[in-house]
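The file protein_14.cif contains mmCIF, C-alpha atoms and all ligand atoms:
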```cif
data_coords
#
loop_
_atom_site.label_atom_id
_atom_site.label_comp_id
_atom_site.auth_asym_id
_atom_site.auth_seq_id
_atom_site.Cartn_x
_atom_site.Cartn_y
_atom_site.Cartn_z
CA MET T 1 7.84 -9.76 36.34
CA ARG T 2 8.74 -6.11 35.76
CA PRO T 3 5.74 -3.79 35.43
CA ASP T 4 6.70 -2.85 31.87
CA THR T 5 7.16 -6.44 30.67
CA PRO T 6 5.19 -6.76 27.42
CA ARG T 7 2.27 -9.14 27.44
CA LEU T 8 3.39 -10.38 24.01
CA GLU T 9 6.82 -10.02 22.53
CA ILE T 10 8.12 -11.52 19.31
CA ARG T 11 11.76 -11.25 18.36
CA ASP T 12 13.33 -11.62 14.92
CA LEU T 13 10.67 -13.94 13.52
CA VAL T 14 11.52 -15.48 10.15
CA ARG T 15 9.46 -17.82 7.94
CA SER T 16 10.26 -18.81 4.36
CA TYR T 17 8.29 -20.72 1.77
CA GLY T 18 10.19 -22.17 -1.17
CA GLY T 19 13.20 -19.99 -0.45
CA ARG T 20 11.12 -16.77 -0.20
CA ARG T 21 11.03 -15.02 3.16
CA VAL T 22 7.37 -14.18 3.74
CA VAL T 23 8.07 -13.15 7.34
CA ASP T 24 11.40 -11.40 7.38
CA ASP T 25 12.85 -10.55 10.78
CA VAL T 26 9.69 -9.31 12.45
CA SER T 27 9.90 -7.98 16.02
CA LEU T 28 7.00 -6.55 17.95
CA SER T 29 5.85 -6.07 21.52
CA ILE T 30 2.40 -5.39 22.92
CA GLN T 31 1.49 -4.28 26.45
CA PRO T 32 -1.62 -5.51 28.34
CA GLY T 33 -4.68 -3.58 27.19
CA GLN T 34 -2.94 -2.39 24.04
CA VAL T 35 -4.24 -2.93 20.52
CA THR T 36 -1.61 -3.22 17.80
CA CYS T 37 -2.69 -3.49 14.19
CA LEU T 38 -0.52 -5.33 11.71
CA LEU T 39 -1.41 -3.41 8.59
CA GLY T 40 -0.26 -4.14 5.06
CA PRO T 41 -1.29 -5.17 1.58
CA SER T 42 -2.50 -8.64 0.74
CA GLY T 43 0.28 -11.24 0.77
CA CYS T 44 2.77 -9.22 2.87
CA GLY T 45 2.97 -11.91 5.57
CA LYS T 46 0.49 -10.70 8.20
CA SER T 47 -1.50 -13.90 8.57
CA THR T 48 1.63 -16.05 8.61
CA THR T 49 2.97 -13.95 11.50
CA LEU T 50 -0.31 -14.44 13.36
CA ARG T 51 -0.37 -18.18 12.71
CA ILE T 52 3.14 -18.55 14.11
CA ILE T 53 2.16 -16.67 17.29
CA ALA T 54 -0.97 -18.82 17.61
CA GLY T 55 1.26 -21.90 17.36
CA VAL T 56 -0.40 -23.44 14.33
CA GLU T 57 2.68 -22.85 12.22
CA MET T 58 6.41 -22.97 13.04
CA GLN T 59 8.94 -20.24 12.43
CA ASP T 60 12.39 -20.88 10.91
CA ALA T 61 13.97 -18.47 13.40
CA GLY T 62 12.93 -16.15 16.19
CA GLU T 63 11.32 -16.28 19.62
CA ILE T 64 7.95 -15.58 21.18
CA PHE T 65 7.46 -14.50 24.80
CA VAL T 66 4.29 -14.12 26.86
CA ASP T 67 4.64 -12.03 30.03
CA GLY T 68 8.40 -12.41 29.69
CA ASN T 69 8.31 -16.22 29.46
CA LEU T 70 9.54 -17.98 26.36
CA ILE T 71 6.69 -19.93 24.77
CA CYS T 72 8.27 -20.79 21.46
CA ASP T 73 11.59 -20.80 19.65
CA THR T 74 12.87 -23.26 17.07
CA VAL T 75 13.40 -26.06 19.60
CA PHE T 76 11.02 -25.34 22.46
CA ARG T 77 7.30 -25.03 21.88
CA VAL T 78 4.31 -24.58 24.18
CA PRO T 79 1.34 -26.20 22.38
CA PRO T 80 -1.29 -23.79 20.99
CA GLU T 81 -3.98 -24.68 23.53
CA ARG T 82 -1.68 -23.80 26.45
CA ARG T 83 -0.65 -20.36 25.22
CA SER T 84 -3.63 -18.43 26.68
CA ILE T 85 -4.21 -16.93 23.27
CA GLY T 86 -7.70 -16.25 21.93
CA LEU T 87 -8.31 -16.35 18.21
CA MET T 88 -10.88 -14.54 16.15
CA PHE T 89 -10.81 -14.90 12.40
CA GLN T 90 -13.03 -13.66 9.60
CA ASP T 91 -14.39 -17.12 8.86
CA PHE T 92 -15.17 -17.79 12.52
CA ALA T 93 -17.32 -20.90 12.72
CA LEU T 94 -19.83 -21.39 15.48
CA PHE T 95 -20.78 -24.99 16.11
CA PRO T 96 -24.21 -25.32 14.46
CA HIS T 97 -25.33 -28.19 16.67
CA LEU T 98 -24.60 -26.32 19.94
CA THR T 99 -26.74 -23.55 21.42
CA VAL T 100 -25.36 -20.04 21.58
CA ALA T 101 -24.53 -20.44 25.30
CA ASP T 102 -22.84 -23.80 24.71
CA ASN T 103 -20.79 -22.27 21.91
CA VAL T 104 -19.53 -19.57 24.27
CA ALA T 105 -18.86 -22.13 27.04
CA PHE T 106 -17.07 -24.50 24.68
CA GLY T 107 -13.47 -23.59 25.55
CA LEU T 108 -14.08 -23.35 29.31
CA SER T 109 -13.18 -25.96 31.86
CA GLY T 110 -14.72 -26.64 35.29
CA PRO T 111 -18.21 -27.57 36.48
CA LYS T 112 -21.09 -27.01 34.08
CA PRO T 113 -22.97 -24.39 36.16
CA ALA T 114 -19.81 -22.23 36.41
CA ARG T 115 -19.23 -22.53 32.68
CA ARG T 116 -22.83 -21.60 31.98
CA ALA T 117 -22.57 -18.61 34.33
CA ARG T 118 -19.45 -17.35 32.58
CA ALA T 119 -21.06 -17.81 29.15
CA MET T 120 -24.13 -15.85 30.27
CA GLU T 121 -21.92 -13.08 31.64
CA LEU T 122 -20.24 -12.71 28.25
CA LEU T 123 -23.54 -12.91 26.36
CA GLU T 124 -24.91 -10.11 28.56
CA ARG T 125 -21.88 -8.02 27.64
CA VAL T 126 -22.51 -8.44 23.93
CA SER T 127 -26.27 -7.93 24.47
CA LEU T 128 -27.23 -11.41 23.29
CA ALA T 129 -28.27 -13.16 26.50
CA HIS T 130 -31.82 -13.56 25.15
CA TYR T 131 -30.45 -15.85 22.42
CA ALA T 132 -28.62 -18.13 24.88
CA ASP T 133 -30.72 -21.20 24.16
CA ASP T 134 -31.17 -20.64 20.44
CA TYR T 135 -29.01 -22.21 17.74
CA PRO T 136 -26.57 -20.07 15.71
CA HIS T 137 -28.55 -20.27 12.45
CA ALA T 138 -31.31 -18.19 14.06
CA LEU T 139 -28.90 -15.24 14.43
CA SER T 140 -27.85 -12.61 11.90
CA GLY T 141 -24.24 -12.43 10.67
CA GLY T 142 -23.43 -9.56 13.04
CA GLU T 143 -24.98 -11.37 16.00
CA GLN T 144 -23.01 -14.51 15.19
CA GLN T 145 -19.87 -12.41 15.11
CA ARG T 146 -20.64 -11.11 18.59
CA VAL T 147 -21.15 -14.68 19.81
CA ALA T 148 -17.76 -15.57 18.33
CA LEU T 149 -16.25 -12.64 20.19
CA ALA T 150 -17.88 -13.78 23.44
CA ARG T 151 -16.55 -17.29 22.84
CA ALA T 152 -13.02 -16.02 22.23
CA LEU T 153 -13.12 -13.86 25.38
CA ALA T 154 -14.76 -16.39 27.72
CA PRO T 155 -11.52 -18.12 28.82
CA LYS T 156 -10.00 -14.65 29.59
CA PRO T 157 -7.14 -14.97 27.13
CA ARG T 158 -4.07 -12.91 27.92
CA ILE T 159 -3.64 -12.28 24.22
CA MET T 160 -6.15 -12.01 21.41
CA LEU T 161 -5.15 -12.55 17.80
CA MET T 162 -7.66 -11.25 15.26
CA ASP T 163 -7.32 -11.78 11.51
CA GLU T 164 -9.61 -9.47 9.52
CA PRO T 165 -12.34 -10.28 12.05
CA PHE T 166 -14.84 -7.71 10.79
CA SER T 167 -14.47 -8.00 7.05
CA GLY T 168 -17.55 -10.18 6.58
CA LEU T 169 -19.86 -7.48 7.93
CA ASP T 170 -21.57 -4.61 6.18
CA ASN T 171 -20.21 -1.14 6.91
CA ARG T 172 -22.83 0.09 9.32
CA LEU T 173 -22.74 -3.04 11.46
CA ARG T 174 -18.98 -3.12 11.37
CA ASP T 175 -18.38 0.20 13.12
CA GLY T 176 -20.64 -0.72 16.04
CA ILE T 177 -19.11 -4.17 16.48
CA ARG T 178 -15.57 -2.81 16.24
CA ASP T 179 -16.26 -0.30 19.00
CA GLU T 180 -17.98 -2.88 21.22
CA THR T 181 -15.12 -5.30 20.70
CA LEU T 182 -12.55 -2.68 21.64
CA THR T 183 -14.40 -1.75 24.82
CA LEU T 184 -14.59 -5.40 25.89
CA LEU T 185 -10.96 -6.13 25.14
CA LYS T 186 -9.75 -3.04 26.99
CA GLU T 187 -11.85 -3.92 30.03
CA VAL T 188 -10.11 -7.26 30.48
CA ASP T 189 -6.63 -5.87 29.73
CA THR T 190 -6.01 -8.28 26.88
CA ALA T 191 -3.13 -7.54 24.50
CA VAL T 192 -4.52 -7.54 20.97
CA LEU T 193 -2.78 -8.13 17.67
CA LEU T 194 -5.20 -7.39 14.86
CA VAL T 195 -4.40 -8.06 11.22
CA THR T 196 -5.99 -5.90 8.57
CA HIS T 197 -5.31 -4.57 5.10
CA GLU T 198 -7.66 -1.62 5.63
CA PRO T 199 -5.99 1.58 6.83
CA GLN T 200 -9.29 3.00 8.15
CA GLU T 201 -9.83 -0.07 10.30
CA ALA T 202 -6.31 0.21 11.70
CA MET T 203 -6.71 3.93 12.39
CA ARG T 204 -9.98 3.28 14.19
CA MET T 205 -8.84 0.33 16.30
CA ALA T 206 -5.13 0.68 16.96
CA ASP T 207 -3.10 2.18 19.76
CA GLU T 208 -0.15 1.28 17.56
CA ILE T 209 0.11 0.43 13.90
CA ALA T 210 2.86 -1.81 12.56
CA LEU T 211 3.03 -1.21 8.83
CA MET T 212 4.15 -4.35 7.02
CA ARG T 213 5.47 -4.76 3.49
CA ASP T 214 7.16 -7.73 1.82
CA GLY T 215 7.48 -9.59 5.10
CA ARG T 216 9.01 -6.69 7.03
CA ILE T 217 7.70 -4.11 9.45
CA VAL T 218 8.64 -0.85 7.76
CA GLN T 219 7.22 1.51 10.37
CA GLN T 220 5.65 1.26 13.78
CA GLY T 221 3.95 3.88 15.91
CA ALA T 222 0.75 5.62 16.92
CA PRO T 223 -1.74 6.09 14.06
CA TYR T 224 -1.19 9.87 14.13
CA ASN T 225 2.55 9.46 13.65
CA ILE T 226 2.26 6.85 10.93
CA TYR T 227 -0.13 9.09 9.01
CA ASN T 228 1.72 12.36 9.54
CA ALA T 229 5.35 11.21 9.54
CA PRO T 230 5.43 8.35 7.03
CA VAL T 231 8.77 6.69 6.31
CA ASP T 232 8.46 6.62 2.55
CA LYS T 233 6.24 7.32 -0.43
CA ALA T 234 4.56 3.91 -0.26
CA ALA T 235 3.64 4.54 3.39
CA VAL T 236 1.89 7.78 2.40
CA ALA T 237 0.16 6.06 -0.52
CA PHE T 238 -1.10 3.25 1.68
CA PHE T 239 -3.40 5.66 3.54
CA SER T 240 -4.64 7.90 0.75
CA ASP T 241 -4.32 9.00 -2.84
CA ILE T 242 -1.11 10.93 -3.37
CA ASN T 243 0.33 13.52 -5.72
CA VAL T 244 4.02 13.33 -6.57
CA ILE T 245 6.26 15.95 -8.11
CA ARG T 246 9.79 14.95 -8.93
CA GLY T 247 12.60 17.49 -8.64
CA THR T 248 16.38 17.74 -8.60
CA VAL T 249 18.22 18.99 -5.53
CA ASN T 250 20.53 21.96 -5.66
CA GLY T 251 21.97 23.34 -2.42
CA ALA T 252 19.48 21.38 -0.26
CA LEU T 253 16.60 22.97 -2.20
CA THR T 254 14.38 21.65 -4.96
CA GLU T 255 12.88 24.03 -7.45
CA THR T 256 9.33 23.09 -8.57
CA PRO T 257 6.41 24.84 -10.27
CA PHE T 258 4.94 25.20 -6.74
CA GLY T 259 8.05 26.97 -5.46
CA ARG T 260 11.10 25.73 -3.62
CA PHE T 261 11.11 22.82 -1.21
CA LEU T 262 13.72 21.97 1.38
CA ALA T 263 15.54 18.68 0.86
CA PRO T 264 17.98 18.60 3.77
CA GLY T 265 20.73 16.00 3.62
CA VAL T 266 20.14 15.15 -0.04
CA PRO T 267 23.21 15.65 -2.25
CA ASP T 268 23.21 18.06 -5.19
CA GLY T 269 22.00 16.49 -8.41
CA ALA T 270 19.95 13.77 -6.64
CA GLU T 271 16.27 13.46 -7.46
CA VAL T 272 13.57 13.73 -4.82
CA ASP T 273 9.83 13.09 -4.81
CA ILE T 274 7.67 15.74 -3.21
CA VAL T 275 4.61 13.87 -2.03
CA PHE T 276 1.34 15.40 -0.83
CA ARG T 277 -2.23 14.34 -0.31
CA PRO T 278 -5.15 15.68 -2.36
CA GLN T 279 -6.64 17.36 0.72
CA HIS T 280 -3.55 19.53 0.98
CA VAL T 281 -3.97 21.09 -2.43
CA GLY T 282 -5.59 24.52 -2.29
CA ILE T 283 -7.67 25.78 -5.20
CA ASP T 284 -7.57 29.47 -6.03
CA PHE T 285 -9.13 31.41 -8.84
CA ASP T 286 -7.72 32.91 -11.95
CA ARG T 287 -8.26 36.61 -11.27
CA ASN T 288 -8.49 38.04 -14.72
CA GLY T 289 -5.65 35.81 -15.85
CA HIS T 290 -3.27 36.99 -13.08
CA GLY T 291 -3.67 34.09 -10.69
CA PRO T 292 -3.53 34.33 -6.91
CA ASN T 293 -0.91 36.08 -4.83
CA PRO T 294 1.64 33.63 -3.45
CA THR T 295 1.67 33.20 0.33
CA ALA T 296 4.54 32.11 2.55
CA ARG T 297 2.67 29.01 3.70
CA GLU T 298 1.54 27.90 0.30
CA GLY T 299 4.36 29.15 -1.91
CA VAL T 300 3.82 29.61 -5.61
CA ALA T 301 0.57 28.80 -7.42
CA ALA T 302 0.61 26.69 -10.58
CA ARG T 303 -2.15 26.53 -13.15
CA GLY T 304 -4.11 23.44 -14.12
CA VAL T 305 -7.17 22.70 -16.21
CA VAL T 306 -10.05 20.66 -14.80
CA GLU T 307 -10.20 17.18 -16.33
CA ARG T 308 -12.85 15.67 -14.13
CA ALA T 309 -14.79 16.49 -10.96
CA ARG T 310 -16.77 14.05 -8.85
CA PHE T 311 -18.90 14.44 -5.75
CA LEU T 312 -18.01 11.82 -3.10
CA GLY T 313 -20.43 12.70 -0.30
CA ASN T 314 -18.37 14.62 2.27
CA GLU T 315 -16.07 16.08 -0.34
CA SER T 316 -15.47 16.54 -4.04
CA LEU T 317 -12.50 15.13 -5.94
CA VAL T 318 -11.19 17.30 -8.76
CA GLU T 319 -8.54 16.11 -11.20
CA PHE T 320 -6.42 18.65 -13.04
CA ARG T 321 -4.11 18.47 -16.04
CA MET T 322 -1.21 20.72 -15.05
CA ASP T 323 0.10 23.32 -17.49
CA PHE T 324 3.74 22.88 -16.46
CA ASP T 325 4.19 19.28 -17.64
CA GLY T 326 0.79 17.82 -18.53
CA SER T 327 0.74 15.62 -15.42
CA THR T 328 -2.43 14.89 -13.44
CA LEU T 329 -2.94 16.34 -9.99
CA LYS T 330 -5.76 15.47 -7.60
CA ALA T 331 -7.39 17.84 -5.14
CA THR T 332 -10.18 17.21 -2.67
CA VAL T 333 -12.45 20.00 -1.55
CA PRO T 334 -14.97 19.83 1.32
CA ASN T 335 -18.63 19.64 0.27
CA VAL T 336 -19.65 20.30 -3.30
CA PHE T 337 -17.25 21.78 -5.81
CA LEU T 338 -17.81 20.59 -9.35
CA PRO T 339 -16.12 22.92 -11.84
CA ALA T 340 -16.74 22.20 -15.52
CA ARG T 341 -14.17 20.24 -17.51
CA GLY T 342 -11.75 22.66 -19.16
CA THR T 343 -11.96 25.32 -16.42
CA PRO T 344 -8.51 26.77 -15.70
CA LEU T 345 -7.76 27.15 -11.97
CA TRP T 346 -4.69 27.98 -9.89
CA LEU T 347 -3.47 25.47 -7.36
CA THR T 348 -1.25 25.75 -4.31
CA VAL T 349 0.22 23.09 -2.04
CA ARG T 350 0.29 23.15 1.78
CA ARG T 351 4.05 23.15 2.24
CA ASP T 352 3.85 22.00 5.87
CA ARG T 353 2.00 18.88 4.69
CA CYS T 354 4.46 17.81 2.00
CA PHE T 355 6.86 14.91 2.39
CA VAL T 356 10.18 14.93 0.58
CA PHE T 357 11.76 11.53 -0.13
CA PRO T 358 14.77 10.54 -2.20
CA ALA T 359 13.35 9.26 -5.50
CA ARG T 360 13.61 5.49 -5.63
CA GLY T 361 11.38 4.23 -8.40
CA ALA T 362 7.62 4.13 -8.46
CA VAL T 363 5.22 3.29 -5.63
N1 LIG C 401 1.58 -22.68 3.47
C1 LIG C 401 2.10 -21.89 2.53
N2 LIG C 401 2.86 -22.37 1.53
C2 LIG C 401 3.41 -21.56 0.60
N3 LIG C 401 3.24 -20.23 0.58
C3 LIG C 401 2.49 -19.67 1.53
C4 LIG C 401 1.88 -20.47 2.56
N4 LIG C 401 1.19 -19.62 3.38
C5 LIG C 401 1.37 -18.37 2.87
N5 LIG C 401 2.15 -18.41 1.78
C6 LIG C 401 2.58 -17.23 0.98
O1 LIG C 401 3.19 -16.32 1.86
C7 LIG C 401 2.85 -14.99 1.54
C8 LIG C 401 2.27 -14.29 2.74
O2 LIG C 401 1.00 -14.86 3.04
P1 LIG C 401 0.08 -14.31 4.23
O3 LIG C 401 -1.19 -15.08 4.19
O4 LIG C 401 0.86 -14.32 5.49
O5 LIG C 401 -0.15 -12.81 3.76
P2 LIG C 401 -1.19 -11.76 4.29
O6 LIG C 401 -0.45 -10.48 4.42
O7 LIG C 401 -1.90 -12.25 5.49
O8 LIG C 401 -2.20 -11.66 3.08
P3 LIG C 401 -3.80 -11.56 3.08
O9 LIG C 401 -4.15 -10.22 3.63
O10 LIG C 401 -4.14 -11.71 1.63
O11 LIG C 401 -4.29 -12.70 3.92
C9 LIG C 401 1.89 -15.07 0.36
O12 LIG C 401 2.61 -14.81 -0.83
C10 LIG C 401 1.41 -16.50 0.41
O13 LIG C 401 1.11 -16.95 -0.89
#
```
Kindly return the structure encoded in the file as structure tokens.
Amino acid sequence: MRPDTPRLEIRDLVRSYGGRRVVDDVSLSIQPGQVTCLLGPSGCGKSTTLRIIAGVEMQDAGEIFVDGNLICDTVFRVPPERRSIGLMFQDFALFPHLTVADNVAFGLSGPKPARRARAMELLERVSLAHYADDYPHALSGGEQQRVALARALAPKPRIMLMDEPFSGLDNRLRDGIRDETLTLLKEVDTAVLLVTHEPQEAMRMADEIALMRDGRIVQQGAPYNIYNAPVDKAAVAFFSDINVIRGTVNGALTETPFGRFLAPGVPDGAEVDIVFRPQHVGIDFDRNGHGPNPTAREGVAARGVVERARFLGNESLVEFRMDFDGSTLKATVPNVFLPARGTPLWLTVRRDRCFVFPARGAV
């Protein structure tokens, strides 16, 4: 096996239901010790992809390889239990009639003392060894989740598939368990494919994010790149609120109330959307009705009137009605900034943080 052979590789996976392709030509590869998050809105085909890899559902086309070996195409199929794939789903079920240690040992083979020793090793790692001989109902939801993780890891799976594994937990518990889980998985060099519809979870967990929409992977890369170099307007909108200004291109430039924006490669007369996040709107003050001086970085200021301002904890969200066309524009400001409704203020846009996309309908 070559050193760069992916632990898990799927090629051109297709699955249709009733003539609709819910998994549409999906390819993906994951190296040992790497966490890839399949991120997308509800119904985009994430779980179906995972179920096919787990072997509990068949694809219509495409191949799956583990360490370079074919484990499944449309004629050949290694059964699920021989794929060395661990599963962890949101509705994980521990066996209520088995002790915590027996739950963890459940998928192991070999003599009982060795299985018990391995189960105890895992329980130590998730700090639950003292519960070994208790029954699951005595444990809290978070503790049960950690037992489920120990159980999934006990057979040392080469691949771990996780489908929204943390969504049943409250926020404070979730962060701790996510971090613990990551540490454990990295230690044993497992390749992880984690399905989530929450961008924050993907950003926190993933080495790579595969952004999925309508059965297709529309973009794949490190979280930083997905966030800062999104492929289209919907990809920006998936991670945060957005503001959009539509303009028409003339000589590779678009004239807007916030100044000119470059639109390289877009033909004259075509419409573009200039997309930016609320945190990249700057608020300046109306100096005796003159407005701020334009800067090279921020271009021209445009005036808006405060519609609503809300304090969100770390930041404040201010919504403006813009003078130039009556549209709404959102700005976030660190800490507390709660101007009264009706206050006129001048706004600028961080030009280096704007994305320009050919206009193709709404998000
Ligand atoms: N067995 C099935 N028969 C018919 N349609 C199905 C079946 N399983 C899934 N689908 C449909 O396929 C689409 C994709 O479903 P899937 O569960 O893979 O999406 P998802 O991205 O995981 O969504 P969620 O985050 O809500 O779980 C959905 O429209 C779903 O209704």
For region 128-141 of chain T, I'd like the enclosing box, axis-aligned and padded by 8 Å on every side, reported as lines of an AutoDock Vina configuration file with centre and edge lengths in Å to one decimal.
```
center_x = -28.0
center_y = -16.8
center_z = 18.6
size_x = 23.6
size_y = 26.8
size_z = 31.8
```
For Pro136 (chain T), work out the shell of residues within 7 Å, counting all atoms listed in the file and skipping chain neighbours fewer than 3 positions away, then give it as number ranges by chain.
T: 94, 96, 99-100, 139, 144
File dump, residues just selected, C-alpha atoms, as a short mmCIF file (atom, residue, chain, number, x, y, z; two decimals), in the coordinates of the input:
```cif
data_model
loop_
_atom_site.label_atom_id
_atom_site.label_comp_id
_atom_site.auth_asym_id
_atom_site.auth_seq_id
_atom_site.Cartn_x
_atom_site.Cartn_y
_atom_site.Cartn_z
CA LEU T 94 -19.83 -21.39 15.48
CA PRO T 96 -24.21 -25.32 14.46
CA THR T 99 -26.74 -23.55 21.42
CA VAL T 100 -25.36 -20.04 21.58
CA LEU T 139 -28.90 -15.24 14.43
CA GLN T 144 -23.01 -14.51 15.19
#
```
Counting all atoms listed in the file, give me one row per residue of chain T with an atom at most 7 Å from an atom of ligand LIG 401 (chain C), showing the shortest contact pair and its distance in Å to one decimal, sorted by chain then residue number, as JSON lines.
```
{"residue": "T:Tyr17", "atom": "CA", "partner": "C:LIG401", "partner_atom": "C2", "distance": 5.1}
{"residue": "T:Val22", "atom": "CA", "partner": "C:LIG401", "partner_atom": "O1", "distance": 5.1}
{"residue": "T:Gly40", "atom": "CA", "partner": "C:LIG401", "partner_atom": "O6", "distance": 6.4}
{"residue": "T:Pro41", "atom": "CA", "partner": "C:LIG401", "partner_atom": "O6", "distance": 6.1}
{"residue": "T:Ser42", "atom": "CA", "partner": "C:LIG401", "partner_atom": "O10", "distance": 3.6}
{"residue": "T:Gly43", "atom": "CA", "partner": "C:LIG401", "partner_atom": "O5", "distance": 3.4}
{"residue": "T:Cys44", "atom": "CA", "partner": "C:LIG401", "partner_atom": "O6", "distance": 3.8}
{"residue": "T:Gly45", "atom": "CA", "partner": "C:LIG401", "partner_atom": "O4", "distance": 3.2}
{"residue": "T:Lys46", "atom": "CA", "partner": "C:LIG401", "partner_atom": "O6", "distance": 3.9}
{"residue": "T:Ser47", "atom": "CA", "partner": "C:LIG401", "partner_atom": "O7", "distance": 3.5}
{"residue": "T:Thr48", "atom": "CA", "partner": "C:LIG401", "partner_atom": "O4", "distance": 3.6}
{"residue": "T:Thr49", "atom": "CA", "partner": "C:LIG401", "partner_atom": "O4", "distance": 6.4}
{"residue": "T:Thr196", "atom": "CA", "partner": "C:LIG401", "partner_atom": "O9", "distance": 6.8}
{"residue": "T:His197", "atom": "CA", "partner": "C:LIG401", "partner_atom": "O9", "distance": 6.0}
```
Using only C-alpha atoms, find all polymer residues with an atom at most 12 Å away from the point (-1.7, 17.5, -16.4); report them as a VMD selection string.
chain T and resid 243 245 302 to 308 319 to 330 342 344
For each of T:Phe337, T:Phe95, T:Trp346, T:Phe355, take the minimum atom-to-atom distance to Asp273 (chain T), counting all atoms listed in the file, then give the residue where this is smallest.
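For Asp273 (chain T), the nearest of the given residues is T:Phe355.
Here CA of Asp24 (chain T) and CA of Arg213 (chain T) stand 9.7 Å from one another.
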Rank T:Ala252, T:Val147, T:Tyr227, T:Ser109 by their smallest atom-to-atom distance to Arg125 (chain T), using all atoms listed in the file, and report the top residue only.
T:Val147
Calculate how many Å separate CA of Ile226 (chain T) from CA of Thr36 (chain T), rounding to one decimal.
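Between these atoms lies a distance of 12.8 Å.
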Using only C-alpha atoms, find the one residue out of T:Leu194, T:Leu87, T:Ala202, T:Ala93 that sits nearest to Lys156 (chain T).
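Of all the options, T:Leu87 lies closest to Lys156 (chain T).
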Just checking: using all atoms listed in the file, which residue out of T:Ile159, T:Val236, T:Val23, T:Leu185 ends up closest to Gly86 (chain T)?
T:Ile159
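The space between CA of Leu39 (chain T) and CA of Ile177 (chain T) spans 19.4 Å.
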Glu180 (chain T): which residues within 12 Å, counting only C-alpha atoms, same-chain residues fewer than 5 positions away excluded, as a PDB file with C-alpha atoms, keeping the file's coordinate frame?
```
ATOM      1  CA  ARG T 125     -21.880  -8.020  27.640  1.00  0.00           C
ATOM      2  CA  VAL T 126     -22.510  -8.440  23.930  1.00  0.00           C
ATOM      3  CA  SER T 127     -26.270  -7.930  24.470  1.00  0.00           C
ATOM      4  CA  GLY T 142     -23.430  -9.560  13.040  1.00  0.00           C
ATOM      5  CA  GLN T 145     -19.870 -12.410  15.110  1.00  0.00           C
ATOM      6  CA  ARG T 146     -20.640 -11.110  18.590  1.00  0.00           C
ATOM      7  CA  LEU T 149     -16.250 -12.640  20.190  1.00  0.00           C
ATOM      8  CA  ALA T 150     -17.880 -13.780  23.440  1.00  0.00           C
ATOM      9  CA  PHE T 166     -14.840  -7.710  10.790  1.00  0.00           C
ATOM     10  CA  LEU T 173     -22.740  -3.040  11.460  1.00  0.00           C
ATOM     11  CA  ARG T 174     -18.980  -3.120  11.370  1.00  0.00           C
ATOM     12  CA  ASP T 175     -18.380   0.200  13.120  1.00  0.00           C
ATOM     13  CA  LEU T 185     -10.960  -6.130  25.140  1.00  0.00           C
ATOM     14  CA  LYS T 186      -9.750  -3.040  26.990  1.00  0.00           C
ATOM     15  CA  GLU T 187     -11.850  -3.920  30.030  1.00  0.00           C
ATOM     16  CA  MET T 205      -8.840   0.330  16.300  1.00  0.00           C
TER      17      MET T 205
END
```
So, counting only C-alpha atoms, which residue among T:Ala301, T:Ser27, T:Met160, T:Arg77 is closest to Val218 (chain T)?
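The answer is T:Ser27, which sits nearest to Val218 (chain T).
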